[in-house]
>>> print(open('work30.pdb').read())   # PDB, C-alpha atoms
ATOM      1  CA  CYS A   1     -32.055  -2.858  27.254
ATOM      2  CA  THR A   2     -29.654  -1.861  30.007
ATOM      3  CA  PHE A   3     -26.315  -0.081  29.872
ATOM      4  CA  VAL A   4     -23.737  -0.530  32.575
ATOM      5  CA  PHE A   5     -21.028   2.109  32.690
ATOM      6  CA  GLN A   6     -17.795   1.262  34.434
ATOM      7  CA  LYS A   7     -14.466   2.853  34.698
ATOM      8  CA  GLY A   8     -12.243   1.394  31.943
ATOM      9  CA  ARG A   9     -10.048  -1.530  32.736
ATOM     10  CA  ARG A  10      -6.362  -0.759  32.604
ATOM     11  CA  VAL A  11      -5.808  -3.204  29.715
ATOM     12  CA  ASP A  12      -8.543  -1.502  27.669
ATOM     13  CA  VAL A  13      -7.170   1.950  28.416
ATOM     14  CA  GLU A  14      -3.677   0.819  27.333
ATOM     15  CA  LYS A  15      -5.059  -0.661  24.089
ATOM     16  CA  ILE A  16      -6.919   2.542  23.311
ATOM     17  CA  SER A  17      -3.789   4.610  23.979
ATOM     18  CA  LYS A  18      -1.734   2.364  21.682
ATOM     19  CA  LEU A  19      -4.320   2.617  18.885
ATOM     20  CA  LYS A  20      -4.393   6.413  19.233
ATOM     21  CA  ARG A  21      -0.574   6.544  18.924
ATOM     22  CA  GLU A  22      -0.686   4.356  15.817
ATOM     23  CA  LEU A  23      -3.379   6.525  14.264
ATOM     24  CA  THR A  24      -1.290   9.609  14.996
ATOM     25  CA  ASP A  25       1.722   7.879  13.379
ATOM     26  CA  LEU A  26      -0.376   7.060  10.301
ATOM     27  CA  GLU A  27      -1.634  10.646  10.089
ATOM     28  CA  ARG A  28       1.944  11.928  10.403
ATOM     29  CA  ALA A  29       3.072   9.461   7.728
ATOM     30  CA  LYS A  30       0.255  10.624   5.438
ATOM     31  CA  GLN A  31       1.355  14.234   5.784
ATOM     32  CA  GLN A  32       5.016  13.360   5.182
ATOM     33  CA  LEU A  33       4.143  11.305   2.101
ATOM     34  CA  GLU A  34       1.968  14.107   0.724
ATOM     35  CA  ASP A  35       4.864  16.529   1.221
ATOM     36  CA  ARG A  36       7.512  14.201  -0.269
ATOM     37  CA  LEU A  37       5.328  13.135  -3.203
ATOM     38  CA  SER A  38       3.668  16.483  -3.900
ATOM     39  CA  GLY A  39       4.962  16.641  -7.483
ATOM     40  CA  GLU A  40       3.809  13.096  -8.220
ATOM     41  CA  ILE A  41       0.436  13.799  -6.612
ATOM     42  CA  ASN A  42       0.027  16.974  -8.703
ATOM     43  CA  ASP A  43       0.899  14.959 -11.846
ATOM     44  CA  ASN A  44      -1.731  12.306 -10.930
ATOM     45  CA  GLU A  45       0.951   9.615 -10.706
ATOM     46  CA  VAL A  46       0.287   8.772  -7.072
ATOM     47  CA  GLU A  47      -2.474   9.161  -4.512
ATOM     48  CA  VAL A  48      -2.244   9.007  -0.714
ATOM     49  CA  GLN A  49      -5.415   8.178   1.217
ATOM     50  CA  MET A  50      -6.378   7.122   4.715
ATOM     51  CA  LEU A  51      -8.838   4.252   4.304
ATOM     52  CA  GLU A  52     -10.387   1.763   6.696
ATOM     53  CA  ARG A  53      -7.713  -0.816   5.868
ATOM     54  CA  GLY A  54      -4.864   1.616   6.520
ATOM     55  CA  LEU A  55      -2.838   4.326   4.834
ATOM     56  CA  VAL A  56      -2.837   3.569   1.092
ATOM     57  CA  ILE A  57      -0.279   4.923  -1.373
ATOM     58  CA  THR A  58      -1.493   4.198  -4.905
ATOM     59  CA  PHE A  59       0.914   4.380  -7.848
ATOM     60  CA  VAL A  60      -0.377   4.342 -11.414
ATOM     61  CA  ALA A  61       1.289   1.230 -12.865
ATOM     62  CA  GLU A  62       2.792   3.132 -15.810
ATOM     63  CA  VAL A  63       4.820   5.218 -13.355
ATOM     64  CA  LEU A  64       6.521   2.098 -12.010
ATOM     65  CA  PHE A  65       6.521  -0.328 -14.960
ATOM     66  CA  GLY A  66       6.508  -0.548 -18.726
ATOM     67  CA  SER A  67       3.489  -2.163 -20.392
ATOM     68  CA  GLY A  68       3.355  -5.874 -19.578
ATOM     69  CA  LYS A  69       6.568  -5.633 -17.529
ATOM     70  CA  ALA A  70       7.362  -6.306 -13.880
ATOM     71  CA  LYS A  71      10.816  -4.711 -13.771
ATOM     72  CA  LEU A  72      10.752  -1.325 -12.053
ATOM     73  CA  ARG A  73      11.489   1.650 -14.285
ATOM     74  CA  GLN A  74      14.701   3.449 -13.330
ATOM     75  CA  SER A  75      12.678   6.668 -13.051
ATOM     76  CA  SER A  76      10.402   5.096 -10.409
ATOM     77  CA  LEU A  77      13.144   4.245  -7.923
ATOM     78  CA  SER A  78      13.415   7.734  -6.412
ATOM     79  CA  LYS A  79       9.631   7.853  -5.990
ATOM     80  CA  LEU A  80       9.583   4.529  -4.195
ATOM     81  CA  ALA A  81      12.574   5.629  -2.098
ATOM     82  CA  LYS A  82      10.498   8.543  -0.775
ATOM     83  CA  VAL A  83       7.923   6.036   0.435
ATOM     84  CA  GLY A  84      10.635   3.748   1.805
ATOM     85  CA  HIS A  85      12.043   6.576   3.916
ATOM     86  CA  VAL A  86       8.692   7.129   5.642
ATOM     87  CA  LEU A  87       8.226   3.365   6.091
ATOM     88  CA  ASN A  88      11.633   3.204   7.791
ATOM     89  CA  THR A  89      11.056   6.157  10.102
ATOM     90  CA  THR A  90       7.549   7.324  10.934
ATOM     91  CA  VAL A  91       5.819   3.925  10.748
ATOM     92  CA  LYS A  92       8.812   1.643  11.292
ATOM     93  CA  ASP A  93       6.841  -0.716  13.558
ATOM     94  CA  LEU A  94       3.887  -1.270  11.225
ATOM     95  CA  ASN A  95       3.455  -3.936   8.548
ATOM     96  CA  VAL A  96       3.119  -3.052   4.899
ATOM     97  CA  GLY A  97       1.183  -4.839   2.179
ATOM     98  CA  ILE A  98       2.093  -4.352  -1.474
ATOM     99  CA  GLU A  99      -0.811  -5.047  -3.826
ATOM    100  CA  GLY A 100      -0.557  -5.351  -7.604
ATOM    101  CA  HIS A 101      -3.617  -4.740  -9.819
ATOM    102  CA  THR A 102      -4.276  -4.840 -13.565
ATOM    103  CA  ASP A 103      -7.063  -4.056 -15.970
ATOM    104  CA  ASN A 104      -9.044  -6.876 -17.596
ATOM    105  CA  GLU A 105      -7.323  -6.775 -20.987
ATOM    106  CA  PRO A 106      -6.008 -10.272 -21.764
ATOM    107  CA  ILE A 107      -2.242 -10.744 -21.806
ATOM    108  CA  LYS A 108      -1.030 -10.876 -25.412
ATOM    109  CA  LYS A 109       2.722 -10.517 -25.870
ATOM    110  CA  SER A 110       4.389 -10.173 -22.485
ATOM    111  CA  GLY A 111       4.823 -13.855 -21.710
ATOM    112  CA  TRP A 112       2.766 -13.795 -18.514
ATOM    113  CA  LYS A 113       0.152 -16.530 -18.265
ATOM    114  CA  SER A 114      -2.442 -14.043 -17.001
ATOM    115  CA  ASN A 115      -2.916 -10.640 -15.401
ATOM    116  CA  TRP A 116      -2.759 -12.392 -12.059
ATOM    117  CA  GLU A 117       0.865 -13.419 -12.554
ATOM    118  CA  LEU A 118       1.762  -9.961 -13.840
ATOM    119  CA  SER A 119       0.146  -8.204 -10.870
ATOM    120  CA  THR A 120       1.857 -10.566  -8.430
ATOM    121  CA  ALA A 121       5.259 -10.089 -10.076
ATOM    122  CA  ARG A 122       4.832  -6.313  -9.921
ATOM    123  CA  ALA A 123       3.926  -6.411  -6.231
ATOM    124  CA  LEU A 124       6.967  -8.584  -5.536
ATOM    125  CA  SER A 125       9.247  -6.224  -7.488
ATOM    126  CA  VAL A 126       8.223  -3.440  -5.123
ATOM    127  CA  VAL A 127       8.658  -5.744  -2.098
ATOM    128  CA  HIS A 128      12.197  -6.633  -3.193
ATOM    129  CA  PHE A 129      13.072  -2.995  -3.846
ATOM    130  CA  LEU A 130      11.908  -2.010  -0.346
ATOM    131  CA  ILE A 131      13.959  -4.823   1.190
ATOM    132  CA  ASP A 132      17.088  -4.668  -0.974
ATOM    133  CA  GLU A 133      17.363  -0.921  -1.573
ATOM    134  CA  GLN A 134      15.509   0.628   1.371
ATOM    135  CA  GLY A 135      16.445  -1.848   4.103
ATOM    136  CA  LEU A 136      12.937  -2.738   5.261
ATOM    137  CA  MET A 137      12.702  -5.915   7.299
ATOM    138  CA  PRO A 138      11.153  -8.704   5.202
ATOM    139  CA  ARG A 139       8.898  -9.798   8.072
ATOM    140  CA  ARG A 140       7.063  -6.450   7.794
ATOM    141  CA  LEU A 141       6.166  -6.922   4.127
ATOM    142  CA  SER A 142       3.727  -8.964   2.095
ATOM    143  CA  GLY A 143       3.109  -9.005  -1.640
ATOM    144  CA  THR A 144      -0.233  -9.829  -3.238
ATOM    145  CA  GLY A 145      -1.420  -9.890  -6.823
ATOM    146  CA  TYR A 146      -5.104  -9.262  -7.447
ATOM    147  CA  GLY A 147      -4.983  -9.225 -11.232
ATOM    148  CA  GLU A 148      -8.136  -7.655 -12.640
ATOM    149  CA  TYR A 149     -10.357  -8.750  -9.766
ATOM    150  CA  HIS A 150     -10.351  -5.576  -7.617
ATOM    151  CA  PRO A 151     -11.080  -2.775 -10.099
ATOM    152  CA  VAL A 152     -11.581   0.792  -8.901
ATOM    153  CA  ALA A 153     -13.046   1.983 -12.203
ATOM    154  CA  THR A 154     -14.771   0.571 -15.248
ATOM    155  CA  ASN A 155     -12.669  -1.423 -17.674
ATOM    156  CA  ASN A 156     -14.880  -0.187 -20.519
ATOM    157  CA  THR A 157     -12.843   2.994 -21.030
ATOM    158  CA  LYS A 158      -9.161   3.719 -21.533
ATOM    159  CA  ALA A 159      -9.153   6.050 -18.499
ATOM    160  CA  GLY A 160     -10.839   3.407 -16.338
ATOM    161  CA  ARG A 161      -8.381   0.705 -17.388
ATOM    162  CA  GLN A 162      -5.491   3.049 -16.556
ATOM    163  CA  LYS A 163      -6.870   3.574 -13.025
ATOM    164  CA  ASN A 164      -7.172  -0.183 -12.565
ATOM    165  CA  ARG A 165      -3.500  -0.750 -13.486
ATOM    166  CA  ARG A 166      -1.926   0.220 -10.201
ATOM    167  CA  VAL A 167       0.248  -0.795  -7.261
ATOM    168  CA  GLU A 168      -0.987  -0.006  -3.771
ATOM    169  CA  ILE A 169       1.313   0.192  -0.774
ATOM    170  CA  VAL A 170      -0.839  -0.269   2.312
ATOM    171  CA  ILE A 171       0.499   0.659   5.751
ATOM    172  CA  ILE A 172      -1.512  -1.614   7.986
ATOM    173  CA  PRO A 173      -2.528  -0.510  11.477
ATOM    174  CA  ALA A 174      -1.363  -3.051  14.056
ATOM    175  CA  THR A 175      -3.944  -5.378  15.468
ATOM    176  CA  GLU A 176      -3.729  -7.286  18.689
ATOM    177  CA  LYS A 177      -2.626 -10.885  18.056
ATOM    178  CA  LYS A 178      -4.215 -13.663  20.012
ATOM    179  CA  GLY A 179      -1.920 -16.231  21.645
ATOM    180  CA  ARG A 180       0.017 -18.643  19.474
TER
END
>>> encode(input="work30.pdb", output="structure tokens")
Amino acid sequence: CTFVFQKGRRVDVEKISKLKRELTDLERAKQQLEDRLSGEINDNEVEVQMLERGLVITFVAEVLFGSGKAKLRQSSLSKLAKVGHVLNTTVKDLNVGIEGHTDNEPIKKSGWKSNWELSTARALSVVHFLIDEQGLMPRRLSGTGYGEYHPVATNNTKAGRQKNRRVEIVIIPATEKKGR
């Protein structure tokens, strides 16, 4: 096994510098979100974490929506606006994925065919709020519904099911695109 050390190519050095700036922006965004959402964090309504896939803001579904509903609660709008502000300033050049999740309890009365449709509709409600009310560019956003298929806790307990009913806003670090 042989290692060859060379001085970095300019392109590689530029890529590394860009990634470092983006990481710094994500760290700054994390701090701003923690400051802006401190009350919600203390009340266990929201969590802000730096994960491998990006900066993840997790809202307990009940904070944003009524049971079986996809219309945002009036009381949730100011909370989402705090996130929207950071998305429009600190990380204005990064893409954002909105992910809806549910527990595994079958849909009974809400009119949704399955948890998958409900989770997708919830994700899209947040997407539309960020576009219509916060002015985010649609090309930066994506909405995905995972239904019950990405649990973070057991569905065998009430507390576990509550953790699984969530919306995650993921600020995605930029990746280099290959030619089109």
>>> closest_residue(input="work30.pdb", among="A:Pro173, A:Pro138, A:Gly143, A:Gly68", to="Lys109 in chain A", atoms="all atoms listed in the file")
A:Gly68
>>> closest_residue(input="work30.pdb", among="A:Ser110, A:Thr154, A:Asn164, A:Ser142", to="Asn95 in chain A", atoms="all atoms listed in the file")
A:Ser142
>>> axis_aligned_box(input="work30.pdb", around="range 41-54 of chain A", padding_each_side="3 Å", output="lines of an AutoDock Vina configuration file")
center_x = -4.7
center_y = 8.1
center_z = -2.6
size_x = 17.3
size_y = 23.8
size_z = 24.5
>>> resolve_selection(input="work30.pdb", expression="the PyMOL selection byres ((chain A and resi 39-42) around 12)", output="PyMOL selection string")
chain A and resi 33-38+43-49+57-60+63-64+75-76+78-80+82-83
>>> residues_around(input="work30.pdb", residues="range 120-134 of chain A", least_positions_apart="4", cutoff="10 Å", atoms="only C-alpha atoms", output="MDAnalysis selection string")
chainID A and resid 61 64:65 68:72 77 80:85 87:88 96:102 112 115:116 138:147 166:169
>>> atom_distance(input="work30.pdb", atom1="CA of Gly160 in chain A", atom2="CA of Gln31 in chain A")
27.5 Å
>>> atom_distance(input="work30.pdb", atom1="CA of Met50 in chain A", atom2="CA of Glu105 in chain A")
29.2 Å
>>> build_atoms(input="work30.pdb", residues="range 113-124 of chain A", atoms="all heavy atoms", output="JSON list (two decimals), in the coordinates of the input")
[["chain", "number", "residue", "atom", "x", "y", "z"],
["A", 113, "LYS", "N", 1.30, -15.66, -18.03],
["A", 113, "LYS", "CA", 0.15, -16.53, -18.26],
["A", 113, "LYS", "C", -1.16, -15.75, -18.17],
["A", 113, "LYS", "O", -2.10, -15.99, -18.93],
["A", 113, "LYS", "CB", 0.17, -17.68, -17.26],
["A", 113, "LYS", "CG", -0.93, -18.68, -17.45],
["A", 113, "LYS", "CD", -0.82, -19.83, -16.48],
["A", 113, "LYS", "CE", -1.99, -20.78, -16.67],
["A", 113, "LYS", "NZ", -1.96, -21.86, -15.68],
["A", 114, "SER", "N", -1.23, -14.83, -17.19],
["A", 114, "SER", "CA", -2.44, -14.04, -17.00],
["A", 114, "SER", "C", -2.09, -12.74, -16.28],
["A", 114, "SER", "O", -0.96, -12.55, -15.83],
["A", 114, "SER", "CB", -3.48, -14.83, -16.17],
["A", 114, "SER", "OG", -3.06, -14.90, -14.82],
["A", 115, "ASN", "N", -3.09, -11.88, -16.16],
["A", 115, "ASN", "CA", -2.92, -10.64, -15.40],
["A", 115, "ASN", "C", -2.59, -10.91, -13.94],
["A", 115, "ASN", "O", -1.97, -10.09, -13.28],
["A", 115, "ASN", "CB", -4.17, -9.78, -15.52],
["A", 115, "ASN", "CG", -4.25, -9.06, -16.84],
["A", 115, "ASN", "OD1", -3.25, -8.54, -17.32],
["A", 115, "ASN", "ND2", -5.43, -9.01, -17.43],
["A", 116, "TRP", "N", -3.03, -12.05, -13.45],
["A", 116, "TRP", "CA", -2.76, -12.39, -12.06],
["A", 116, "TRP", "C", -1.26, -12.54, -11.81],
["A", 116, "TRP", "O", -0.72, -12.01, -10.84],
["A", 116, "TRP", "CB", -3.47, -13.69, -11.70],
["A", 116, "TRP", "CG", -4.10, -13.69, -10.35],
["A", 116, "TRP", "CD1", -3.71, -12.99, -9.25],
["A", 116, "TRP", "CD2", -5.23, -14.43, -9.95],
["A", 116, "TRP", "NE1", -4.52, -13.25, -8.19],
["A", 116, "TRP", "CE2", -5.48, -14.14, -8.60],
["A", 116, "TRP", "CE3", -6.07, -15.31, -10.60],
["A", 116, "TRP", "CZ2", -6.51, -14.70, -7.89],
["A", 116, "TRP", "CZ3", -7.10, -15.88, -9.89],
["A", 116, "TRP", "CH2", -7.33, -15.57, -8.56],
["A", 117, "GLU", "N", -0.58, -13.26, -12.70],
["A", 117, "GLU", "CA", 0.86, -13.42, -12.55],
["A", 117, "GLU", "C", 1.58, -12.08, -12.69],
["A", 117, "GLU", "O", 2.52, -11.80, -11.93],
["A", 117, "GLU", "CB", 1.41, -14.41, -13.59],
["A", 117, "GLU", "CG", 1.17, -15.86, -13.25],
["A", 117, "GLU", "CD", -0.22, -16.36, -13.65],
["A", 117, "GLU", "OE1", -1.01, -15.60, -14.23],
["A", 117, "GLU", "OE2", -0.52, -17.52, -13.34],
["A", 118, "LEU", "N", 1.14, -11.27, -13.65],
["A", 118, "LEU", "CA", 1.76, -9.96, -13.84],
["A", 118, "LEU", "C", 1.59, -9.10, -12.60],
["A", 118, "LEU", "O", 2.55, -8.49, -12.10],
["A", 118, "LEU", "CB", 1.16, -9.26, -15.06],
["A", 118, "LEU", "CG", 1.63, -7.82, -15.31],
["A", 118, "LEU", "CD1", 3.14, -7.75, -15.49],
["A", 118, "LEU", "CD2", 0.88, -7.24, -16.51],
["A", 119, "SER", "N", 0.38, -9.05, -12.05],
["A", 119, "SER", "CA", 0.15, -8.20, -10.87],
["A", 119, "SER", "C", 0.95, -8.69, -9.67],
["A", 119, "SER", "O", 1.46, -7.88, -8.89],
["A", 119, "SER", "CB", -1.35, -8.14, -10.54],
["A", 119, "SER", "OG", -1.85, -9.39, -10.13],
["A", 120, "THR", "N", 1.08, -10.01, -9.53],
["A", 120, "THR", "CA", 1.86, -10.57, -8.43],
["A", 120, "THR", "C", 3.34, -10.24, -8.60],
["A", 120, "THR", "O", 4.01, -9.83, -7.63],
["A", 120, "THR", "CB", 1.65, -12.09, -8.34],
["A", 120, "THR", "OG1", 0.25, -12.34, -8.15],
["A", 120, "THR", "CG2", 2.43, -12.70, -7.20],
["A", 121, "ALA", "N", 3.85, -10.40, -9.82],
["A", 121, "ALA", "CA", 5.26, -10.09, -10.08],
["A", 121, "ALA", "C", 5.56, -8.61, -9.82],
["A", 121, "ALA", "O", 6.62, -8.27, -9.28],
["A", 121, "ALA", "CB", 5.62, -10.47, -11.51],
["A", 122, "ARG", "N", 4.63, -7.74, -10.18],
["A", 122, "ARG", "CA", 4.83, -6.31, -9.92],
["A", 122, "ARG", "C", 4.86, -6.02, -8.42],
["A", 122, "ARG", "O", 5.70, -5.25, -7.95],
["A", 122, "ARG", "CB", 3.75, -5.49, -10.62],
["A", 122, "ARG", "CG", 3.94, -5.43, -12.12],
["A", 122, "ARG", "CD", 2.84, -4.67, -12.80],
["A", 122, "ARG", "NE", 3.20, -4.40, -14.19],
["A", 122, "ARG", "CZ", 2.43, -3.74, -15.04],
["A", 122, "ARG", "NH1", 1.25, -3.28, -14.64],
["A", 122, "ARG", "NH2", 2.83, -3.54, -16.27],
["A", 123, "ALA", "N", 3.94, -6.61, -7.68],
["A", 123, "ALA", "CA", 3.93, -6.41, -6.23],
["A", 123, "ALA", "C", 5.25, -6.89, -5.63],
["A", 123, "ALA", "O", 5.84, -6.21, -4.79],
["A", 123, "ALA", "CB", 2.75, -7.14, -5.61],
["A", 124, "LEU", "N", 5.72, -8.04, -6.08],
["A", 124, "LEU", "CA", 6.97, -8.58, -5.54],
["A", 124, "LEU", "C", 8.18, -7.75, -5.94],
["A", 124, "LEU", "O", 9.15, -7.66, -5.17],
["A", 124, "LEU", "CB", 7.13, -10.04, -5.95],
["A", 124, "LEU", "CG", 6.13, -10.99, -5.29],
["A", 124, "LEU", "CD1", 6.29, -12.40, -5.84],
["A", 124, "LEU", "CD2", 6.26, -10.98, -3.77]]
